[in-house]
There are 2 protein chains.
Amino acid sequence: MTPSEENYLKAIYQLGETSKASISTNAIAEKMKTKPSSVTDMIKKLSDKKLILYRKYKGVSLTDVGRISALSTLRKHRLWEVFLVEKLHFTWDEVHEVAEQLEHIRSEQLIDRLDQHLGFPRTDPHGDPIPSKDGNYKKFIKKLLSEMAVGSEGICIGVKDSSTAFLSFMDKNRIALGDKITLLDKEEFDGSLHIKVKDRPLQISSQIACNLYIEL
Amino acid sequence: MTPSEENYLKAIYQLGETSKASISTNAIAEKMKTKPSSVTDMIKKLSDKKLILYRKYKGVSLTDVGRISALSTLRKHRLWEVFLVEKLHFTWDEVHEVAEQLEHIRSEQLIDRLDQHLGFPRTDPHGDPIPSKDGNYKKFIKKLLSEMAVGSEGICIGVKDSSTAFLSFMDKNRIALGDKITLLDKEEFDGSLHIKVKDRPLQISSQIACNLYIEL
DNA sequence: ATAATTAATTAGGACTATCTAAATATTTAG
DNA sequence: CTAAATATTTAGATAGTCCTAATTAATTAT
Ligand SMILES: [Mn+2]
Ligand SMILES: [Mn+2]
Ligand SMILES: [Mn+2]
Ligand SMILES: [Mn+2]
């Protein structure tokens, strides 16, 4: 399995997490920042290797073997992100690019021991769950802040968007994972929200609210 | 700089550490476990990039830029080896293959913080010195056990051969870096040595003695 | 139902890194 | 000093990944 193959499988898995239907060539191309023709080349290869199911013009879906591989890469990516934050004191907006490289290091022993060294973490710095060694992957039932009822409260447990732009917005406004958030009011006009973060009042746009996961 | 280019530069540097003359195509091919024709292809490329000096049929040598790159890769390799042993409890014969991959991860911040996390180590698990961030590299004056005078003593500070075969021999015979070694006697017949390791008597072959560095 | 639009594939090419086999240069031995 | 042996380079091929441009299939709008 080459790094490129691993990246494609991971992308297909992540696109399937939300949509669940078969994944289109263009969707993969957009996520991988590559051209549709390159995607077609690769999906033929992955299909030959029985890592995905592919019907021309109808999109792809992962086989069991393909899904296990994708989860393994996701596991490595997220464990390395935890390492970078917990042990090397990176901020949560600095880790992604480096983890994109580290996830392709080939050594089962390495990842086992890294997991142990980190104390078997269950989530990464962005609140995403870490698949277990055997490929088990419990998706939390996560609710977006934008879907909360006015007056209810919950704990901020994750971000949907992991871009530097969004994460540094979070830092600037001192909202962190684990913080208690109360939804005070919604503006009719633009959908912006009045919230309390650890008893500190704050007003945020609806775009922000659509990217914050809350556990009630 | 691709991983392959980095590997070639590192190989050329290491071949030059001992010989100091220009490095032959075949020597590089042997070290890289590849074919001489592949080496010719790559040295043309490295020469075009001014990373090495190349005269057809006359071998190559590193330019200043090439040497800095080689030392940077060596630094990463050795820092990762320290990490694997100190933090993830790998044994010193298990680290090389993984470090060969990790040394190509591209992130200056990563390697700086790793260095700090490890407490700025000066040598790797095999006793090899770690080049500094700015490319300074102080070679220790190392003497081989085979060159010691009978009756003298010293500290074992490194191994010349880092193969699993040799390192597990060391473990089996309980010889570790930092141990005090006294040369008691040399056998005329086969050149084998009678030594004391931390006051424990031991007999070793001359091949072993040729691969152990001692500081007097 | 047909036309226009969008999505996907194919054709053909570039670039990297590797190899085998053949040709050529250099070194070594007699 | 020549001949044999060795070292090195060149020629030509393959495999992987990505690209642009052209073609074909599927979807949508009229
Ligand atoms: Mn990431
Ligand atoms: Mn993450
Ligand atoms: Mn090593
Ligand atoms: Mn080493």
# chains A, B, ... in the order shown; residues from 1 in each chain; ligands from 1
call {"tool": "closest_atom_pairs", "arguments": {"of": "chain B", "to": "ligand 4", "cutoff": "7 Å", "atoms": "only C-alpha atoms and all ligand atoms", "output": "tab-separated table"}}
result
residue	atom	partner	partner_atom_place_in_ligand_line	distance
B:Arg78	CA	ligand 4	1 (Mn)	5.6
B:Glu81	CA	ligand 4	1 (Mn)	6.4
B:His96	CA	ligand 4	1 (Mn)	6.6
B:Asp124	CA	ligand 4	1 (Mn)	5.5
B:Pro125	CA	ligand 4	1 (Mn)	6.0
B:His126	CA	ligand 4	1 (Mn)	5.0
B:Asp128	CA	ligand 4	1 (Mn)	6.1
B:Ser162	CA	ligand 4	1 (Mn)	6.9
call {"tool": "write_last_selection", "arguments": {"atoms": "C-alpha atoms", "output": "short mmCIF file (atom, residue, chain, number, x, y, z; two decimals), in the first residue's frame"}}
result
data_model
loop_
_atom_site.label_atom_id
_atom_site.label_comp_id
_atom_site.auth_asym_id
_atom_site.auth_seq_id
_atom_site.Cartn_x
_atom_site.Cartn_y
_atom_site.Cartn_z
CA ARG B 78 19.46 9.95 15.02
CA GLU B 81 16.32 6.79 17.08
CA HIS B 96 16.98 1.71 12.31
CA ASP B 124 22.11 8.32 19.32
CA PRO B 125 21.53 4.83 20.80
CA HIS B 126 24.52 3.47 18.87
CA ASP B 128 26.88 8.15 16.96
CA SER B 162 24.63 -1.22 13.77
#
call {"tool": "interface_residues", "arguments": {"of": "chain D", "to": "chain B", "cutoff": "12 Å", "atoms": "only C-alpha atoms (C1' of nucleotides)", "output": "PyMOL selection string"}}
result
chain D and resi 6-11
call {"tool": "interface_residues", "arguments": {"of": "chain A", "to": "chain B", "cutoff": "7 Å", "atoms": "only C-alpha atoms", "output": "JSON, numbers by chain"}}
result
{"A": [88, 98, 101, 102, 105, 107, 113, 114, 117]}
call {"tool": "closest_residue", "arguments": {"among": "C:DT27, C:DA3, C:DA22, C:DA17", "to": "chain B", "atoms": "only C-alpha atoms (C1' of nucleotides)"}}
result
C:DA17
call {"tool": "interface_residues", "arguments": {"of": "chain C", "to": "chain B", "cutoff": "10 Å", "atoms": "only C-alpha atoms (C1' of nucleotides)", "output": "ChimeraX atom specification"}}
result
/C:16-20,25-26
call {"tool": "write_last_selection", "arguments": {"atoms": "all heavy atoms", "output": "compact mmCIF listing (two decimals), in the first residue's frame"}}
result
# COMPACT_ATOMS: atom_id res chain seq x y z
P DT C 16 11.31 15.15 -12.44
OP1 DT C 16 11.57 16.30 -11.57
OP2 DT C 16 12.18 14.85 -13.61
O5' DT C 16 11.26 13.83 -11.55
C5' DT C 16 10.26 13.70 -10.54
C4' DT C 16 10.28 12.27 -10.03
O4' DT C 16 9.69 11.38 -10.99
C3' DT C 16 11.69 11.74 -9.75
O3' DT C 16 11.76 11.41 -8.38
C2' DT C 16 11.84 10.54 -10.68
C1' DT C 16 10.40 10.17 -11.02
N1 DT C 16 10.18 9.56 -12.36
C2 DT C 16 9.50 8.35 -12.47
O2 DT C 16 9.07 7.75 -11.50
N3 DT C 16 9.35 7.88 -13.74
C4 DT C 16 9.80 8.49 -14.91
O4 DT C 16 9.61 7.97 -16.01
C5 DT C 16 10.50 9.74 -14.73
C7 DT C 16 11.04 10.46 -15.92
C6 DT C 16 10.65 10.21 -13.49
P DA C 17 13.19 11.04 -7.73
OP1 DA C 17 13.10 11.33 -6.31
OP2 DA C 17 14.27 11.61 -8.57
O5' DA C 17 13.23 9.46 -7.92
C5' DA C 17 12.23 8.65 -7.31
C4' DA C 17 12.39 7.24 -7.81
O4' DA C 17 11.97 7.15 -9.18
C3' DA C 17 13.84 6.73 -7.77
O3' DA C 17 13.88 5.54 -7.01
C2' DA C 17 14.18 6.47 -9.23
C1' DA C 17 12.82 6.24 -9.84
N9 DA C 17 12.77 6.50 -11.28
C8 DA C 17 13.31 7.56 -11.96
N7 DA C 17 13.13 7.51 -13.25
C5 DA C 17 12.41 6.34 -13.44
C6 DA C 17 11.90 5.70 -14.58
N6 DA C 17 12.06 6.19 -15.81
N1 DA C 17 11.24 4.53 -14.41
C2 DA C 17 11.10 4.05 -13.17
N3 DA C 17 11.52 4.55 -12.01
C4 DA C 17 12.18 5.71 -12.22
P DT C 18 15.26 4.94 -6.52
OP1 DT C 18 15.01 4.56 -5.12
OP2 DT C 18 16.38 5.82 -6.89
O5' DT C 18 15.44 3.62 -7.43
C5' DT C 18 14.56 2.53 -7.27
C4' DT C 18 14.32 1.82 -8.58
O4' DT C 18 14.00 2.72 -9.65
C3' DT C 18 15.49 1.06 -9.18
O3' DT C 18 15.79 -0.09 -8.47
C2' DT C 18 14.91 0.75 -10.56
C1' DT C 18 13.99 1.94 -10.83
N1 DT C 18 14.40 2.76 -12.00
C2 DT C 18 14.00 2.35 -13.25
O2 DT C 18 13.34 1.35 -13.44
N3 DT C 18 14.40 3.16 -14.28
C4 DT C 18 15.16 4.31 -14.19
O4 DT C 18 15.45 4.95 -15.19
C5 DT C 18 15.56 4.68 -12.86
C7 DT C 18 16.39 5.91 -12.64
C6 DT C 18 15.17 3.90 -11.84
P DC C 19 17.11 -0.94 -8.70
OP1 DC C 19 17.22 -1.90 -7.59
OP2 DC C 19 18.19 0.03 -8.95
O5' DC C 19 16.84 -1.73 -10.07
C5' DC C 19 15.73 -2.61 -10.17
C4' DC C 19 15.55 -3.04 -11.62
O4' DC C 19 15.29 -1.86 -12.41
C3' DC C 19 16.81 -3.65 -12.23
O3' DC C 19 16.71 -5.07 -12.20
C2' DC C 19 16.83 -3.15 -13.65
C1' DC C 19 15.82 -2.03 -13.71
N1 DC C 19 16.40 -0.73 -14.16
C2 DC C 19 16.30 -0.37 -15.51
O2 DC C 19 15.74 -1.15 -16.29
N3 DC C 19 16.82 0.81 -15.93
C4 DC C 19 17.42 1.62 -15.05
N4 DC C 19 17.91 2.78 -15.51
C5 DC C 19 17.54 1.27 -13.66
C6 DC C 19 17.03 0.10 -13.26
P DT C 20 18.02 -5.91 -12.64
OP1 DT C 20 17.79 -7.25 -12.07
OP2 DT C 20 19.25 -5.16 -12.30
O5' DT C 20 17.97 -5.99 -14.23
C5' DT C 20 16.81 -6.50 -14.90
C4' DT C 20 17.08 -6.55 -16.39
O4' DT C 20 17.23 -5.19 -16.90
C3' DT C 20 18.37 -7.29 -16.78
O3' DT C 20 18.12 -8.02 -17.98
C2' DT C 20 19.37 -6.17 -17.00
C1' DT C 20 18.48 -5.05 -17.55
N1 DT C 20 18.93 -3.67 -17.26
C2 DT C 20 18.98 -2.75 -18.29
O2 DT C 20 18.67 -3.03 -19.43
N3 DT C 20 19.39 -1.51 -17.91
C4 DT C 20 19.77 -1.08 -16.66
O4 DT C 20 20.13 0.07 -16.45
C5 DT C 20 19.70 -2.10 -15.63
C7 DT C 20 20.08 -1.75 -14.23
C6 DT C 20 19.30 -3.32 -15.97
P DA C 25 34.65 5.99 -24.73
OP1 DA C 25 34.24 7.34 -25.20
OP2 DA C 25 35.54 5.12 -25.54
O5' DA C 25 35.34 6.17 -23.30
C5' DA C 25 34.54 6.64 -22.22
C4' DA C 25 35.15 6.13 -20.93
O4' DA C 25 34.93 4.71 -20.82
C3' DA C 25 36.65 6.35 -20.84
O3' DA C 25 36.87 7.15 -19.70
C2' DA C 25 37.24 4.95 -20.74
C1' DA C 25 36.07 4.12 -20.24
N9 DA C 25 36.03 2.72 -20.64
C8 DA C 25 35.89 2.22 -21.91
N7 DA C 25 35.85 0.91 -21.98
C5 DA C 25 35.97 0.51 -20.66
C6 DA C 25 35.99 -0.77 -20.06
N6 DA C 25 35.89 -1.91 -20.74
N1 DA C 25 36.13 -0.82 -18.72
C2 DA C 25 36.21 0.33 -18.04
N3 DA C 25 36.21 1.59 -18.49
C4 DA C 25 36.07 1.61 -19.82
P DT C 26 38.32 7.63 -19.26
OP1 DT C 26 38.16 8.90 -18.53
OP2 DT C 26 39.22 7.51 -20.42
O5' DT C 26 38.71 6.50 -18.20
C5' DT C 26 37.86 6.27 -17.08
C4' DT C 26 38.44 5.13 -16.26
O4' DT C 26 38.30 3.88 -16.96
C3' DT C 26 39.91 5.28 -15.92
O3' DT C 26 39.99 5.26 -14.51
C2' DT C 26 40.58 4.08 -16.61
C1' DT C 26 39.43 3.08 -16.72
N1 DT C 26 39.48 2.08 -17.82
C2 DT C 26 39.38 0.74 -17.53
O2 DT C 26 39.29 0.30 -16.40
N3 DT C 26 39.40 -0.10 -18.63
C4 DT C 26 39.49 0.27 -19.95
O4 DT C 26 39.50 -0.58 -20.84
C5 DT C 26 39.60 1.68 -20.19
C7 DT C 26 39.72 2.18 -21.60
C6 DT C 26 39.58 2.51 -19.14
call {"tool": "select_by_dssp", "arguments": {"residues": "segment 5-103 of chain B", "states": "strand (DSSP E or B)", "output": "short mmCIF file (atom, residue, chain, number, x, y, z; two decimals) with C-alpha atoms, in the first residue's frame"}}
result
data_model
loop_
_atom_site.label_atom_id
_atom_site.label_comp_id
_atom_site.auth_asym_id
_atom_site.auth_seq_id
_atom_site.Cartn_x
_atom_site.Cartn_y
_atom_site.Cartn_z
CA ILE B 23 33.08 8.47 -3.81
CA ILE B 52 27.35 17.23 -5.40
CA LEU B 53 30.41 17.67 -7.58
CA TYR B 54 30.52 15.06 -10.31
CA ARG B 55 33.10 14.26 -12.91
CA GLY B 59 33.20 9.80 -8.73
CA VAL B 60 31.43 12.43 -6.64
CA SER B 61 31.86 14.63 -3.57
CA LEU B 62 29.41 16.78 -1.66
#
call {"tool": "residues_around", "arguments": {"residues": "Gln207 of chain A", "least_positions_apart": "4", "cutoff": "9 Å", "atoms": "only C-alpha atoms (C1' of nucleotides)", "output": "PyMOL selection string"}}
result
chain A and resi 146+191-192+211
call {"tool": "write_last_selection", "arguments": {"atoms": "C-alpha atoms", "output": "CSV table (one decimal), in the first residue's frame"}}
result
chain,number,residue,atom,x,y,z
A,146,SER,CA,-26.5,25.2,15.4
A,191,GLY,CA,-29.0,33.4,12.5
A,192,SER,CA,-26.2,34.4,14.8
A,211,ASN,CA,-18.8,23.7,12.9
call {"tool": "select_by_dssp", "arguments": {"residues": "segment 7-211 of chain A", "states": "helix (DSSP H, G or I)", "output": "PyMOL selection string"}}
result
chain A and resi 7-19+25-32+36-48+64-86+96-102+108-117+145-147+164-172+206-209
call {"tool": "residues_around", "arguments": {"residues": "DA25 of chain D", "least_positions_apart": "3", "cutoff": "9 Å", "atoms": "only C-alpha atoms (C1' of nucleotides)", "output": "PyMOL selection string"}}
result
(chain A and resi 57) or (chain C and resi 7-9)
call {"tool": "closest_residue", "arguments": {"among": "A:Val82, A:Val65, A:Ile208, A:Ile28", "to": "ligand 2", "atoms": "only C-alpha atoms and all ligand atoms"}}
result
A:Val82
call {"tool": "atom_distance", "arguments": {"atom1": "atom CA of Ser206 of chain B", "atom2": "atom CA of Asp190 of chain B"}}
result
7.5 Å
call {"tool": "closest_residue", "arguments": {"among": "A:Asp171, A:Glu103, A:Asp185, A:Glu147", "to": "ligand 1", "atoms": "only C-alpha atoms and all ligand atoms"}}
result
A:Glu103
call {"tool": "residues_around", "arguments": {"residues": "Asp134 of chain A", "least_positions_apart": "2", "cutoff": "9 Å", "atoms": "only C-alpha atoms (C1' of nucleotides)", "output": "mmCIF file with all heavy atoms, in the first residue's frame"}}
result
data_model
loop_
_atom_site.group_PDB
_atom_site.id
_atom_site.type_symbol
_atom_site.label_atom_id
_atom_site.label_comp_id
_atom_site.auth_asym_id
_atom_site.auth_seq_id
_atom_site.Cartn_x
_atom_site.Cartn_y
_atom_site.Cartn_z
ATOM 1 N N ILE A 68 -10.967 -1.287 6.524
ATOM 2 C CA ILE A 68 -9.991 -1.545 7.578
ATOM 3 C C ILE A 68 -8.719 -0.742 7.344
ATOM 4 O O ILE A 68 -8.153 -0.146 8.263
ATOM 5 C CB ILE A 68 -9.685 -3.060 7.668
ATOM 6 C CG1 ILE A 68 -10.875 -3.766 8.325
ATOM 7 C CG2 ILE A 68 -8.406 -3.321 8.450
ATOM 8 C CD1 ILE A 68 -10.855 -5.272 8.171
ATOM 9 N N SER A 72 -7.210 2.254 9.687
ATOM 10 C CA SER A 72 -5.846 2.162 10.199
ATOM 11 C C SER A 72 -5.087 3.460 9.956
ATOM 12 O O SER A 72 -4.363 3.962 10.823
ATOM 13 C CB SER A 72 -5.143 0.987 9.518
ATOM 14 O OG SER A 72 -3.761 1.065 9.737
ATOM 15 N N PRO A 131 -9.899 5.306 15.968
ATOM 16 C CA PRO A 131 -10.254 3.894 15.772
ATOM 17 C C PRO A 131 -9.312 2.992 16.567
ATOM 18 O O PRO A 131 -8.131 3.303 16.711
ATOM 19 C CB PRO A 131 -10.047 3.683 14.265
ATOM 20 C CG PRO A 131 -10.116 5.039 13.656
ATOM 21 C CD PRO A 131 -9.577 5.966 14.693
ATOM 22 N N SER A 132 -9.833 1.886 17.072
ATOM 23 C CA SER A 132 -8.983 0.965 17.831
ATOM 24 C C SER A 132 -8.130 0.145 16.874
ATOM 25 O O SER A 132 -8.357 0.130 15.674
ATOM 26 C CB SER A 132 -9.837 0.045 18.682
ATOM 27 O OG SER A 132 -10.509 -0.874 17.856
ATOM 28 N N ASN A 136 -12.192 -1.171 15.220
ATOM 29 C CA ASN A 136 -13.472 -0.727 15.780
ATOM 30 C C ASN A 136 -13.481 0.788 15.892
ATOM 31 O O ASN A 136 -12.488 1.396 16.271
ATOM 32 C CB ASN A 136 -13.720 -1.348 17.160
ATOM 33 C CG ASN A 136 -14.420 -2.685 17.028
ATOM 34 O OD1 ASN A 136 -14.925 -3.020 15.954
ATOM 35 N ND2 ASN A 136 -14.437 -3.460 18.093
ATOM 36 N N TYR A 137 -14.617 1.334 15.604
ATOM 37 C CA TYR A 137 -14.682 2.775 15.487
ATOM 38 C C TYR A 137 -16.078 3.211 15.891
ATOM 39 O O TYR A 137 -17.035 3.054 15.144
ATOM 40 C CB TYR A 137 -14.397 3.162 14.035
ATOM 41 C CG TYR A 137 -14.382 4.641 13.780
ATOM 42 C CD1 TYR A 137 -13.677 5.499 14.612
ATOM 43 C CD2 TYR A 137 -15.063 5.178 12.703
ATOM 44 C CE1 TYR A 137 -13.664 6.852 14.375
ATOM 45 C CE2 TYR A 137 -15.048 6.532 12.454
ATOM 46 C CZ TYR A 137 -14.345 7.375 13.295
ATOM 47 O OH TYR A 137 -14.325 8.715 13.054
#
